[in-house]
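Everything below belongs to query02.pdb, which stores PDB, C-alpha atoms.
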```
ATOM      1  CA  MET F   1      58.386 125.584 164.434
ATOM      2  CA  ALA F   2      59.769 124.641 161.037
ATOM      3  CA  LYS F   3      57.595 124.991 157.944
ATOM      4  CA  TYR F   4      57.204 121.768 155.952
ATOM      5  CA  PHE F   5      57.105 121.818 152.142
ATOM      6  CA  ASP F   6      56.267 118.713 150.118
ATOM      7  CA  VAL F   7      57.618 119.248 146.597
ATOM      8  CA  HIS F   8      57.742 117.157 143.444
ATOM      9  CA  PRO F   9      61.220 115.594 143.001
ATOM     10  CA  GLU F  10      61.435 116.314 139.263
ATOM     11  CA  ASN F  11      59.085 119.268 138.746
ATOM     12  CA  PRO F  12      59.229 121.282 141.963
ATOM     13  CA  GLN F  13      56.442 123.804 142.406
ATOM     14  CA  GLN F  14      57.838 127.244 141.560
ATOM     15  CA  ARG F  15      55.666 129.020 144.116
ATOM     16  CA  THR F  16      57.058 126.863 146.916
ATOM     17  CA  ILE F  17      60.643 127.264 145.705
ATOM     18  CA  SER F  18      60.220 131.062 145.607
ATOM     19  CA  GLN F  19      58.784 131.034 149.125
ATOM     20  CA  VAL F  20      61.746 129.041 150.472
ATOM     21  CA  ALA F  21      64.273 131.249 148.626
ATOM     22  CA  ASP F  22      62.667 134.357 150.145
ATOM     23  CA  SER F  23      62.948 132.840 153.611
ATOM     24  CA  ILE F  24      66.637 132.042 153.029
ATOM     25  CA  ARG F  25      67.273 135.645 151.992
ATOM     26  CA  ALA F  26      65.564 136.681 155.237
ATOM     27  CA  GLY F  27      67.980 134.548 157.267
ATOM     28  CA  ALA F  28      66.272 131.146 157.426
ATOM     29  CA  LEU F  29      68.117 127.864 157.929
ATOM     30  CA  VAL F  30      66.530 125.163 155.771
ATOM     31  CA  VAL F  31      66.810 121.443 155.158
ATOM     32  CA  TYR F  32      66.743 120.590 151.459
ATOM     33  CA  PRO F  33      67.315 117.489 149.269
ATOM     34  CA  THR F  34      70.387 116.900 147.099
ATOM     35  CA  ASP F  35      71.653 114.048 144.915
ATOM     36  CA  SER F  36      73.414 112.674 148.017
ATOM     37  CA  CYS F  37      71.505 113.095 151.300
ATOM     38  CA  PHE F  38      69.533 115.945 152.768
ATOM     39  CA  ALA F  39      71.557 119.052 153.585
ATOM     40  CA  LEU F  40      71.341 122.042 155.887
ATOM     41  CA  GLY F  41      71.493 125.309 153.956
ATOM     42  CA  CYS F  42      71.532 129.050 154.598
ATOM     43  CA  GLN F  43      72.511 132.255 152.823
ATOM     44  CA  LEU F  44      76.200 132.627 152.031
ATOM     45  CA  GLY F  45      76.839 135.575 154.357
ATOM     46  CA  SER F  46      74.649 134.444 157.254
ATOM     47  CA  ARG F  47      76.765 134.283 160.421
ATOM     48  CA  ASP F  48      73.726 133.140 162.371
ATOM     49  CA  GLY F  49      73.158 130.330 159.850
ATOM     50  CA  ILE F  50      76.778 129.187 160.139
ATOM     51  CA  ASP F  51      76.571 129.186 163.940
ATOM     52  CA  ARG F  52      73.306 127.233 163.865
ATOM     53  CA  ILE F  53      74.740 124.593 161.522
ATOM     54  CA  ARG F  54      77.812 124.251 163.754
ATOM     55  CA  SER F  55      75.542 123.880 166.787
ATOM     56  CA  ILE F  56      73.223 121.287 165.201
ATOM     57  CA  ARG F  57      76.131 119.181 163.948
ATOM     58  CA  ARG F  58      78.604 120.061 166.740
ATOM     59  CA  LEU F  59      81.294 121.038 164.242
ATOM     60  CA  ASP F  60      84.680 122.531 165.076
ATOM     61  CA  ASP F  61      86.413 125.276 163.105
ATOM     62  CA  ARG F  62      88.311 122.749 160.967
ATOM     63  CA  HIS F  63      85.121 121.616 159.268
ATOM     64  CA  HIS F  64      84.884 122.443 155.572
ATOM     65  CA  PHE F  65      81.576 124.063 154.771
ATOM     66  CA  THR F  66      80.352 123.590 151.212
ATOM     67  CA  LEU F  67      79.172 126.207 148.762
ATOM     68  CA  VAL F  68      76.499 124.442 146.737
ATOM     69  CA  CYS F  69      76.457 126.134 143.328
ATOM     70  CA  GLN F  70      73.993 126.113 140.464
ATOM     71  CA  ASN F  71      76.588 125.835 137.709
ATOM     72  CA  PHE F  72      80.257 126.037 136.831
ATOM     73  CA  ALA F  73      80.218 129.778 136.126
ATOM     74  CA  GLN F  74      78.971 130.424 139.655
ATOM     75  CA  LEU F  75      81.442 128.004 141.196
ATOM     76  CA  GLY F  76      84.319 129.785 139.452
ATOM     77  CA  GLN F  77      83.600 133.029 141.320
ATOM     78  CA  PHE F  78      84.434 131.457 144.676
ATOM     79  CA  VAL F  79      87.471 129.222 144.095
ATOM     80  CA  HIS F  80      90.787 129.341 142.230
ATOM     81  CA  ILE F  81      91.011 126.605 139.575
ATOM     82  CA  ASP F  82      93.910 125.912 137.215
ATOM     83  CA  ASN F  83      93.359 124.347 133.787
ATOM     84  CA  ASP F  84      94.006 120.705 134.698
ATOM     85  CA  VAL F  85      91.804 120.863 137.768
ATOM     86  CA  PHE F  86      89.157 122.726 135.749
ATOM     87  CA  ARG F  87      88.906 119.865 133.270
ATOM     88  CA  ALA F  88      88.715 117.216 135.990
ATOM     89  CA  ILE F  89      85.957 119.015 137.896
ATOM     90  CA  LYS F  90      84.045 120.001 134.759
ATOM     91  CA  ALA F  91      83.891 116.345 133.703
ATOM     92  CA  SER F  92      82.407 115.373 137.075
ATOM     93  CA  THR F  93      79.699 117.995 137.463
ATOM     94  CA  PRO F  94      76.863 118.119 138.147
ATOM     95  CA  GLY F  95      77.196 115.126 140.437
ATOM     96  CA  SER F  96      77.767 113.744 143.915
ATOM     97  CA  TYR F  97      81.191 115.292 144.471
ATOM     98  CA  THR F  98      82.524 117.982 146.773
ATOM     99  CA  PHE F  99      85.794 119.619 145.721
ATOM    100  CA  ILE F 100      88.101 121.375 148.183
ATOM    101  CA  LEU F 101      89.869 124.309 146.535
ATOM    102  CA  PRO F 102      91.643 127.567 147.455
ATOM    103  CA  ALA F 103      88.982 130.219 148.079
ATOM    104  CA  THR F 104      88.726 133.614 146.403
ATOM    105  CA  ARG F 105      88.029 136.818 148.303
ATOM    106  CA  GLU F 106      84.335 136.362 147.519
ATOM    107  CA  VAL F 107      84.149 133.727 150.274
ATOM    108  CA  PRO F 108      83.461 135.051 153.802
ATOM    109  CA  ARG F 109      86.454 134.419 156.067
ATOM    110  CA  LYS F 110      84.352 132.558 158.606
ATOM    111  CA  LEU F 111      83.737 129.793 156.051
ATOM    112  CA  LEU F 112      87.389 129.106 155.335
ATOM    113  CA  HIS F 113      89.514 126.356 156.782
ATOM    114  CA  PRO F 114      91.573 128.379 159.318
ATOM    115  CA  LYS F 115      94.993 127.233 158.088
ATOM    116  CA  LYS F 116      94.477 126.269 154.456
ATOM    117  CA  LYS F 117      92.115 129.088 153.361
ATOM    118  CA  THR F 118      90.149 126.547 151.378
ATOM    119  CA  VAL F 119      86.444 125.869 150.934
ATOM    120  CA  GLY F 120      84.333 123.017 149.596
ATOM    121  CA  VAL F 121      82.259 123.529 146.430
ATOM    122  CA  ARG F 122      79.819 121.354 144.536
ATOM    123  CA  ILE F 123      77.130 121.346 141.845
ATOM    124  CA  PRO F 124      74.292 118.939 142.662
ATOM    125  CA  ASP F 125      72.438 116.814 140.121
ATOM    126  CA  HIS F 126      69.017 117.206 141.749
ATOM    127  CA  ALA F 127      66.032 119.086 140.306
ATOM    128  CA  VAL F 128      64.844 120.561 143.615
ATOM    129  CA  ALA F 129      68.289 121.770 144.679
ATOM    130  CA  GLN F 130      68.864 123.226 141.207
ATOM    131  CA  ALA F 131      65.511 125.023 141.224
ATOM    132  CA  LEU F 132      66.269 126.543 144.625
ATOM    133  CA  LEU F 133      69.754 127.661 143.526
ATOM    134  CA  ALA F 134      68.349 129.173 140.323
ATOM    135  CA  GLU F 135      65.770 131.131 142.325
ATOM    136  CA  LEU F 136      68.371 132.320 144.845
ATOM    137  CA  GLY F 137      70.888 133.389 142.214
ATOM    138  CA  GLU F 138      73.798 132.568 144.523
ATOM    139  CA  PRO F 139      75.293 129.507 146.220
ATOM    140  CA  LEU F 140      73.801 127.964 149.339
ATOM    141  CA  LEU F 141      76.125 127.585 152.290
ATOM    142  CA  SER F 142      75.595 123.941 153.157
ATOM    143  CA  SER F 143      76.530 120.953 155.265
ATOM    144  CA  THR F 144      75.281 117.362 155.122
ATOM    145  CA  LEU F 145      72.453 116.727 157.571
ATOM    146  CA  LEU F 146      74.337 114.226 159.692
ATOM    147  CA  LEU F 147      73.488 114.587 163.360
ATOM    148  CA  PRO F 148      76.050 114.046 166.143
ATOM    149  CA  ASP F 149      76.488 110.408 167.225
ATOM    150  CA  GLU F 150      74.580 109.173 164.149
ATOM    151  CA  GLU F 151      76.317 106.981 161.589
ATOM    152  CA  GLU F 152      74.028 107.835 158.666
ATOM    153  CA  PRO F 153      72.170 110.971 157.549
ATOM    154  CA  MET F 154      68.403 111.169 158.051
ATOM    155  CA  THR F 155      66.338 110.194 154.987
ATOM    156  CA  GLN F 156      62.695 110.985 155.772
ATOM    157  CA  GLY F 157      61.495 114.583 155.538
ATOM    158  CA  TRP F 158      58.734 114.167 158.127
ATOM    159  CA  GLU F 159      61.203 112.693 160.636
ATOM    160  CA  ILE F 160      63.587 115.587 160.023
ATOM    161  CA  LYS F 161      60.726 118.031 160.612
ATOM    162  CA  GLU F 162      59.821 116.208 163.826
ATOM    163  CA  GLN F 163      63.361 116.025 165.196
ATOM    164  CA  LEU F 164      64.662 119.449 164.128
ATOM    165  CA  ASP F 165      61.406 121.377 164.445
ATOM    166  CA  HIS F 166      62.813 123.995 166.813
ATOM    167  CA  VAL F 167      66.319 124.406 165.326
ATOM    168  CA  VAL F 168      65.597 124.868 161.593
ATOM    169  CA  ASP F 169      63.085 127.127 159.857
ATOM    170  CA  ALA F 170      61.956 124.966 156.934
ATOM    171  CA  VAL F 171      62.152 121.420 155.589
ATOM    172  CA  ILE F 172      61.809 120.725 151.849
ATOM    173  CA  ASP F 173      60.799 117.115 151.279
ATOM    174  CA  SER F 174      60.867 115.528 147.825
ATOM    175  CA  GLY F 175      61.299 111.934 148.969
ATOM    176  CA  ASP F 176      64.233 109.831 150.092
ATOM    177  CA  CYS F 177      67.514 111.072 148.595
ATOM    178  CA  GLY F 178      69.775 108.404 150.103
ATOM    179  CA  THR F 179      72.275 108.111 152.922
ATOM    180  CA  GLU F 180      75.554 108.191 151.018
ATOM    181  CA  PRO F 181      77.292 111.584 151.241
ATOM    182  CA  THR F 182      79.314 113.112 148.432
ATOM    183  CA  THR F 183      82.745 111.920 147.450
ATOM    184  CA  VAL F 184      85.216 114.577 148.625
ATOM    185  CA  ILE F 185      88.240 115.399 146.463
ATOM    186  CA  ASP F 186      90.879 117.831 147.756
ATOM    187  CA  PHE F 187      92.491 119.761 144.895
ATOM    188  CA  SER F 188      94.039 122.459 147.095
ATOM    189  CA  SER F 189      97.579 121.250 146.309
ATOM    190  CA  GLY F 190      96.855 120.949 142.567
ATOM    191  CA  GLU F 191      96.732 117.133 142.736
ATOM    192  CA  ALA F 192      93.627 115.076 143.452
ATOM    193  CA  GLU F 193      93.514 113.669 146.975
ATOM    194  CA  ILE F 194      90.510 111.517 147.836
ATOM    195  CA  VAL F 195      89.412 112.636 151.296
ATOM    196  CA  ARG F 196      86.174 110.639 151.457
ATOM    197  CA  LYS F 197      84.739 107.949 149.209
ATOM    198  CA  GLY F 198      81.006 108.485 148.834
ATOM    199  CA  ALA F 199      78.307 108.556 146.172
ATOM    200  CA  GLY F 200      80.573 109.807 143.360
ATOM    201  CA  ASP F 201      82.815 107.341 141.508
ATOM    202  CA  THR F 202      86.450 107.887 142.529
ATOM    203  CA  ALA F 203      88.024 105.967 139.609
ATOM    204  CA  ARG F 204      88.859 109.079 137.552
ATOM    205  CA  PHE F 205      90.710 110.631 140.507
ATOM    206  CA  GLU F 206      92.816 107.598 141.483
TER     207      GLU F 206
END
```

Kindly transcribe the structure held in the file into structure tokens.
Amino acid sequence: MAKYFDVHPENPQQRTISQVADSIRAGALVVYPTDSCFALGCQLGSRDGIDRIRSIRRLDDRHHFTLVCQNFAQLGQFVHIDNDVFRAIKASTPGSYTFILPATREVPRKLLHPKKKTVGVRIPDHAVAQALLAELGEPLLSSTLLLPDEEEPMTQGWEIKEQLDHVVDAVIDSGDCGTEPTTVIDFSSGEAEIVRKGAGDTARFE
């Protein structure tokens, strides 16, 4: 059964955040809030976590997983960014954007798009997600909590706990964080390509 944690959306309880971070380090798969929907998250190198996310969402190997990073310095360890792209991404973070970029060798091969060798990265503008990332000291391997055959992500923590009780290890609930996923921008060719219009404004990339 999944553990349920009710945390304050702006001042998350440090003890709870530390407890969840410890469980992630021990291999847990958690549901946590972001600035655009709840997300599934596990430790970066967790093969079991990746397989469980794929199973829950029924994803194929072309799916771009996202490395959710605390800040730009951390993001820069995992993707190659040239100067123009750097400026564009820097101006849009933290925020509701996912950027697809060529991955560095720091990224486990299993996370990469099989042909493009790219990975998604983002920096969320959400106090709970930021507190968890700060405690972990590394990115969370993540995917939007959008279940198969559903048109919109789930929004209520208690419903998520009820429905996913036996397939995740913890649910962090800090209230409704919306149903609109991130805007996805593919910079892998050096030019901005809008892959999905979501919560982030696309005007600067058009």

What residues come out when you apply the PyMOL selection byres ((chain F and resi 3) around 7) to this file, written as an mmCIF file with C-alpha atoms, in the frame of the given file?
```cif
data_model
loop_
_atom_site.group_PDB
_atom_site.id
_atom_site.type_symbol
_atom_site.label_atom_id
_atom_site.label_comp_id
_atom_site.auth_asym_id
_atom_site.auth_seq_id
_atom_site.Cartn_x
_atom_site.Cartn_y
_atom_site.Cartn_z
ATOM 1 C CA MET F 1 58.386 125.584 164.434
ATOM 2 C CA ALA F 2 59.769 124.641 161.037
ATOM 3 C CA TYR F 4 57.204 121.768 155.952
ATOM 4 C CA PHE F 5 57.105 121.818 152.142
ATOM 5 C CA ASP F 169 63.085 127.127 159.857
ATOM 6 C CA ALA F 170 61.956 124.966 156.934
ATOM 7 C CA VAL F 171 62.152 121.420 155.589
#
```

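Closest approach to Arg57 in chain F among F:Gly95, F:Gly200, F:Gly178, F:Pro153: F:Pro153, based on all atoms listed in the file.
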
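Minimum distance to Ser96 in chain F across F:Asp84, F:Asp176, F:Asp35, F:Asp48 (counting all atoms listed in the file) occurs at F:Asp35.
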
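Here CA of Ser36 in chain F and CA of Pro124 in chain F stand 8.3 Å from one another.
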
Measuring atom to atom with only C-alpha atoms, identify which of F:Gln14, F:Ser55, F:Thr34, F:Thr202 is nearest to Val168 in chain F.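 Ranked by minimum distance to Val168 in chain F, first place goes to F:Ser55.
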
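By chain and then residue number, the residues within 7 Å of range 66-81 of chain F are Val85, Phe86, Leu101, Pro102, Ala103, Thr104, Glu106, Val107, Val119, Gly120, Val121, Arg122, Ile123, Gln130, Leu133, Ala134, Pro139, Leu140, Leu141, Ser142 and Ser143 of chain F, counting only C-alpha atoms and disregarding those fewer than 4 positions away in sequence.
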
Rounded to one decimal in Å, what is the spacing between CA of Arg109 in chain F and CA of Glu191 in chain F?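 Calculated distance between CA of Arg109 in chain F and CA of Glu191 in chain F is 24.1 Å.
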